[in-house]
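Visitor: The structure under discussion is supplied below as structure tokens; questions concerning it will follow.
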Amino acid sequence: VDAEGNLLISSLPVDAESYQIDQSAPAAPTIDSISTDTGRSADDGITADNTLVLSGSAEAGSQISLRVDGAEVATTSADADGNWVFDYSGAVSPDGIYQITAVATDQAGNMSAVSEAFVVVIDTQAPGQPTVLTISEDTGASSTDAVTNDAQLMLSGEAGSDETVTLYVDGVLAGTAYSNEFGFWMADISGVVLSEGTRSIAATSTDAAGNVSALSAPLIVTVDQTSPDAPVITAISDDTGEAGDGVTSDNTLRLFGTAEVQTEVAVFQNGTLL
């Protein structure tokens, strides 16, 4: 506009520079995953790997400040698609719980808010050994001796809270179970038909981070589906008169005989159980 108020129109010189003013803070970045996220879930942040790689997303081209428990540990850059990766495997992190956050700074120097925390639990310690306590059905004279005629079993025992219990029969995988919050577990391995004889049943526990325990002490199970030989009644007491003829004047008798070792003998009189 000149002194008389006329609007003058002119073009910029060819060597003029243009500028873009950006005063807007970028969106907070995200931390999406760690690698390797070991264990039962690949996205729960619980891992036995203490040399991690972190990844996430942010505004394209922004600088990412990574913070562990509030302290900056590294910076990296988001690529043209907004993806970023930081290899933190050079630092060995001790076992523990970590809050990992990030802040993005765009090319104009605007800083984002702090991201939501990504919680990482590093656990490199093996859990304790589980126990295999009982079988079902434990048939026979005792319900706790692990001698049974049932070749298709249910098992129960104890482990740490929320662990995966892997079961082996004579060293061969037979099934898995999951312990509850109190450490109790039950497993149906009836799909494995046990052969007669002495079987060794043992287990390992795997925690949420994927650490595996040592093998448990075995529960020795005897499967016996063979009927015993019939018992023999060899004598009565008192056998009055001629010994051994079974003719007696004693109507309050004791009976003697033989049978398979450690069997229960049922005695009948004229078909009625005594």
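Every chain in the structure tokens has a letter given in the order shown (A, B, ...), and although residue numbers restart at 1 in each chain, ligands are simply numbered from 1 in the order shown.
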Taking 5 positions as the minimum chain separation for residues in the same chain, which residues sit within 7 Å of Gly257 of chain A when counting only C-alpha atoms? Answer as a PDB file with C-alpha atoms, in the first residue's frame.
Guide:
ATOM      1  CA  VAL A 232      -7.600-120.915  49.992  1.00  0.00           C
ATOM      2  CA  ILE A 233      -9.182-121.680  53.385  1.00  0.00           C
ATOM      3  CA  THR A 234      -6.789-124.130  55.022  1.00  0.00           C
ATOM      4  CA  ALA A 235      -8.058-124.617  58.564  1.00  0.00           C
TER       5      ALA A 235
END
Visitor: Just the residues within 9 Å of Ala91 of chain A, please, counting only C-alpha atoms, with nothing from its chain fewer than 2 positions along; format it as a PyMOL selection string.
Guide: chain A and resi 50-52+88-89+93
Visitor: Could the residues in this selection be saved with all heavy atoms as an mmCIF file, in the first residue's frame?
Guide:
data_model
loop_
_atom_site.group_PDB
_atom_site.id
_atom_site.type_symbol
_atom_site.label_atom_id
_atom_site.label_comp_id
_atom_site.auth_asym_id
_atom_site.auth_seq_id
_atom_site.Cartn_x
_atom_site.Cartn_y
_atom_site.Cartn_z
ATOM 1 N N ASN A 50 16.100 -60.201 29.738
ATOM 2 C CA ASN A 50 16.507 -58.940 30.379
ATOM 3 C C ASN A 50 17.371 -58.070 29.482
ATOM 4 O O ASN A 50 18.016 -57.135 29.944
ATOM 5 C CB ASN A 50 17.217 -59.224 31.709
ATOM 6 C CG ASN A 50 18.426 -60.116 31.554
ATOM 7 O OD1 ASN A 50 18.845 -60.426 30.447
ATOM 8 N ND2 ASN A 50 18.997 -60.531 32.680
ATOM 9 N N THR A 51 17.388 -58.357 28.176
ATOM 10 C CA THR A 51 18.074 -57.520 27.181
ATOM 11 C C THR A 51 17.070 -57.238 26.074
ATOM 12 O O THR A 51 16.977 -57.971 25.093
ATOM 13 C CB THR A 51 19.323 -58.223 26.623
ATOM 14 O OG1 THR A 51 18.945 -59.489 26.062
ATOM 15 C CG2 THR A 51 20.342 -58.472 27.721
ATOM 16 N N LEU A 52 16.333 -56.142 26.204
ATOM 17 C CA LEU A 52 15.120 -55.942 25.420
ATOM 18 C C LEU A 52 15.300 -55.013 24.222
ATOM 19 O O LEU A 52 16.181 -54.155 24.191
ATOM 20 C CB LEU A 52 14.022 -55.376 26.314
ATOM 21 C CG LEU A 52 13.550 -56.290 27.448
ATOM 22 C CD1 LEU A 52 12.552 -55.558 28.326
ATOM 23 C CD2 LEU A 52 12.936 -57.561 26.875
ATOM 24 N N TYR A 88 17.591 -51.899 23.217
ATOM 25 C CA TYR A 88 18.094 -51.670 24.581
ATOM 26 C C TYR A 88 18.810 -52.906 25.111
ATOM 27 O O TYR A 88 19.055 -53.030 26.307
ATOM 28 C CB TYR A 88 16.903 -51.311 25.484
ATOM 29 C CG TYR A 88 17.254 -50.658 26.803
ATOM 30 C CD1 TYR A 88 18.137 -49.585 26.883
ATOM 31 C CD2 TYR A 88 16.675 -51.120 27.984
ATOM 32 C CE1 TYR A 88 18.441 -48.996 28.094
ATOM 33 C CE2 TYR A 88 16.972 -50.535 29.208
ATOM 34 C CZ TYR A 88 17.853 -49.467 29.250
ATOM 35 O OH TYR A 88 18.156 -48.882 30.449
ATOM 36 N N SER A 89 19.135 -53.820 24.183
ATOM 37 C CA SER A 89 19.719 -55.103 24.600
ATOM 38 C C SER A 89 21.142 -54.960 25.126
ATOM 39 O O SER A 89 21.671 -55.890 25.739
ATOM 40 C CB SER A 89 19.683 -56.099 23.442
ATOM 41 O OG SER A 89 20.453 -55.634 22.348
ATOM 42 N N SER A 93 19.059 -55.659 32.313
ATOM 43 C CA SER A 93 18.206 -55.151 33.392
ATOM 44 C C SER A 93 18.014 -56.224 34.449
ATOM 45 O O SER A 93 17.692 -57.364 34.122
ATOM 46 C CB SER A 93 16.844 -54.732 32.828
ATOM 47 O OG SER A 93 16.994 -53.744 31.842
#
Visitor: Show me, as a ChimeraX atom specification, the residues that have an atom within 10 Å of Gly56 of chain A when counting only C-alpha atoms, minus same-chain residues fewer than 4 positions from it.
Guide: /A:29-34,64,78,82-86,102
Visitor: If you keep C-alpha atoms, can you produce a file of those selected residues as a tab-separated table (two decimals), in the first residue's frame?
Guide:
chain	number	residue	atom	x	y	z
A	29	PRO	CA	3.95	-41.56	21.35
A	30	THR	CA	3.03	-45.14	22.13
A	31	ILE	CA	5.13	-48.01	23.34
A	32	ASP	CA	3.60	-51.05	21.68
A	33	SER	CA	5.77	-54.04	22.42
A	34	ILE	CA	8.97	-55.50	23.78
A	64	ILE	CA	11.67	-40.12	20.91
A	78	ALA	CA	10.40	-42.27	14.30
A	82	GLY	CA	5.83	-43.04	12.37
A	83	ASN	CA	7.37	-46.31	13.58
A	84	TRP	CA	10.28	-46.39	15.97
A	85	VAL	CA	12.49	-49.13	17.41
A	86	PHE	CA	15.14	-48.94	20.08
A	102	ALA	CA	8.25	-41.96	26.02
Visitor: I'd like to know which of A:Thr148, A:Ser213, A:Asn270, A:Thr36 is closest to Pro130 of chain A, using only C-alpha atoms.
Guide: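 Using only C-alpha atoms, the shortest distance to Pro130 of chain A belongs to A:Ser213.
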Visitor: Residues of segment 61-124 of chain A that approach segment 25-28 of chain A to 10 Å or less, counting only C-alpha atoms: could you list each one with the shortest pair of atoms and its distance in Å to one decimal, rows by chain and increasing residue number, as JSON lines?
Guide:
{"residue": "A:Ser62", "atom": "CA", "partner": "A:Pro26", "partner_atom": "CA", "distance": 8.5}
{"residue": "A:Ile64", "atom": "CA", "partner": "A:Ala28", "partner_atom": "CA", "distance": 9.9}
{"residue": "A:Thr101", "atom": "CA", "partner": "A:Ala28", "partner_atom": "CA", "distance": 9.9}
{"residue": "A:Ala102", "atom": "CA", "partner": "A:Ala28", "partner_atom": "CA", "distance": 7.8}
{"residue": "A:Val103", "atom": "CA", "partner": "A:Ala28", "partner_atom": "CA", "distance": 6.4}
{"residue": "A:Ala104", "atom": "CA", "partner": "A:Ala28", "partner_atom": "CA", "distance": 6.4}
{"residue": "A:Thr105", "atom": "CA", "partner": "A:Pro26", "partner_atom": "CA", "distance": 7.1}
{"residue": "A:Asp106", "atom": "CA", "partner": "A:Pro26", "partner_atom": "CA", "distance": 6.4}
{"residue": "A:Gln107", "atom": "CA", "partner": "A:Pro26", "partner_atom": "CA", "distance": 9.8}
{"residue": "A:Ala108", "atom": "CA", "partner": "A:Ala25", "partner_atom": "CA", "distance": 9.2}
{"residue": "A:Gly109", "atom": "CA", "partner": "A:Ala25", "partner_atom": "CA", "distance": 8.6}
{"residue": "A:Asn110", "atom": "CA", "partner": "A:Ala25", "partner_atom": "CA", "distance": 4.9}
{"residue": "A:Met111", "atom": "CA", "partner": "A:Ala25", "partner_atom": "CA", "distance": 5.5}
{"residue": "A:Ser112", "atom": "CA", "partner": "A:Pro26", "partner_atom": "CA", "distance": 5.1}
{"residue": "A:Ala113", "atom": "CA", "partner": "A:Ala28", "partner_atom": "CA", "distance": 5.2}
{"residue": "A:Val114", "atom": "CA", "partner": "A:Ala28", "partner_atom": "CA", "distance": 6.0}
{"residue": "A:Ser115", "atom": "CA", "partner": "A:Ala28", "partner_atom": "CA", "distance": 5.2}
{"residue": "A:Glu116", "atom": "CA", "partner": "A:Ala28", "partner_atom": "CA", "distance": 8.2}
Visitor: Thr252 of chain A: which residues within 12 Å, counting only C-alpha atoms, same-chain residues fewer than 4 positions away excluded, as a PyMOL selection string?
Guide: chain A and resi 236-240+248
Visitor: Store the residues picked out above, limited to all heavy atoms, as an mmCIF file, in the first residue's frame.
Guide:
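And here is the file that came out, out10.cif:
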data_model
loop_
_atom_site.group_PDB
_atom_site.id
_atom_site.type_symbol
_atom_site.label_atom_id
_atom_site.label_comp_id
_atom_site.auth_asym_id
_atom_site.auth_seq_id
_atom_site.Cartn_x
_atom_site.Cartn_y
_atom_site.Cartn_z
ATOM 1 N N ILE A 236 -9.703 -124.415 60.310
ATOM 2 C CA ILE A 236 -10.547 -123.713 61.253
ATOM 3 C C ILE A 236 -10.008 -123.982 62.648
ATOM 4 O O ILE A 236 -9.267 -124.930 62.885
ATOM 5 C CB ILE A 236 -12.006 -124.174 61.161
ATOM 6 C CG1 ILE A 236 -12.128 -125.682 61.492
ATOM 7 C CG2 ILE A 236 -12.608 -123.844 59.809
ATOM 8 C CD1 ILE A 236 -13.554 -126.179 61.607
ATOM 9 N N SER A 237 -10.428 -123.113 63.571
ATOM 10 C CA SER A 237 -10.015 -123.305 64.964
ATOM 11 C C SER A 237 -11.187 -122.879 65.845
ATOM 12 O O SER A 237 -11.770 -121.809 65.624
ATOM 13 C CB SER A 237 -8.780 -122.491 65.275
ATOM 14 O OG SER A 237 -8.408 -122.641 66.622
ATOM 15 N N ASP A 238 -11.602 -123.752 66.745
ATOM 16 C CA ASP A 238 -11.044 -125.081 67.032
ATOM 17 C C ASP A 238 -11.722 -126.122 66.158
ATOM 18 O O ASP A 238 -12.948 -126.127 66.043
ATOM 19 C CB ASP A 238 -11.259 -125.438 68.489
ATOM 20 C CG ASP A 238 -10.330 -124.653 69.412
ATOM 21 O OD1 ASP A 238 -9.219 -124.318 68.985
ATOM 22 O OD2 ASP A 238 -10.739 -124.374 70.549
ATOM 23 N N ASP A 239 -10.894 -126.991 65.574
ATOM 24 C CA ASP A 239 -11.415 -128.137 64.837
ATOM 25 C C ASP A 239 -11.392 -129.326 65.802
ATOM 26 O O ASP A 239 -10.405 -130.045 65.930
ATOM 27 C CB ASP A 239 -10.548 -128.403 63.614
ATOM 28 C CG ASP A 239 -11.162 -129.447 62.676
ATOM 29 O OD1 ASP A 239 -12.119 -130.130 63.094
ATOM 30 O OD2 ASP A 239 -10.679 -129.556 61.534
ATOM 31 N N THR A 240 -12.512 -129.472 66.497
ATOM 32 C CA THR A 240 -12.567 -130.517 67.534
ATOM 33 C C THR A 240 -12.707 -131.894 66.899
ATOM 34 O O THR A 240 -12.971 -132.011 65.697
ATOM 35 C CB THR A 240 -13.748 -130.269 68.484
ATOM 36 O OG1 THR A 240 -14.970 -130.331 67.735
ATOM 37 C CG2 THR A 240 -13.638 -128.915 69.173
ATOM 38 N N THR A 248 -16.701 -129.924 63.779
ATOM 39 C CA THR A 248 -16.336 -129.350 65.070
ATOM 40 C C THR A 248 -17.574 -129.094 65.914
ATOM 41 O O THR A 248 -18.680 -128.922 65.386
ATOM 42 C CB THR A 248 -15.579 -128.022 64.878
ATOM 43 O OG1 THR A 248 -15.211 -127.497 66.141
ATOM 44 C CG2 THR A 248 -16.431 -127.006 64.134
#
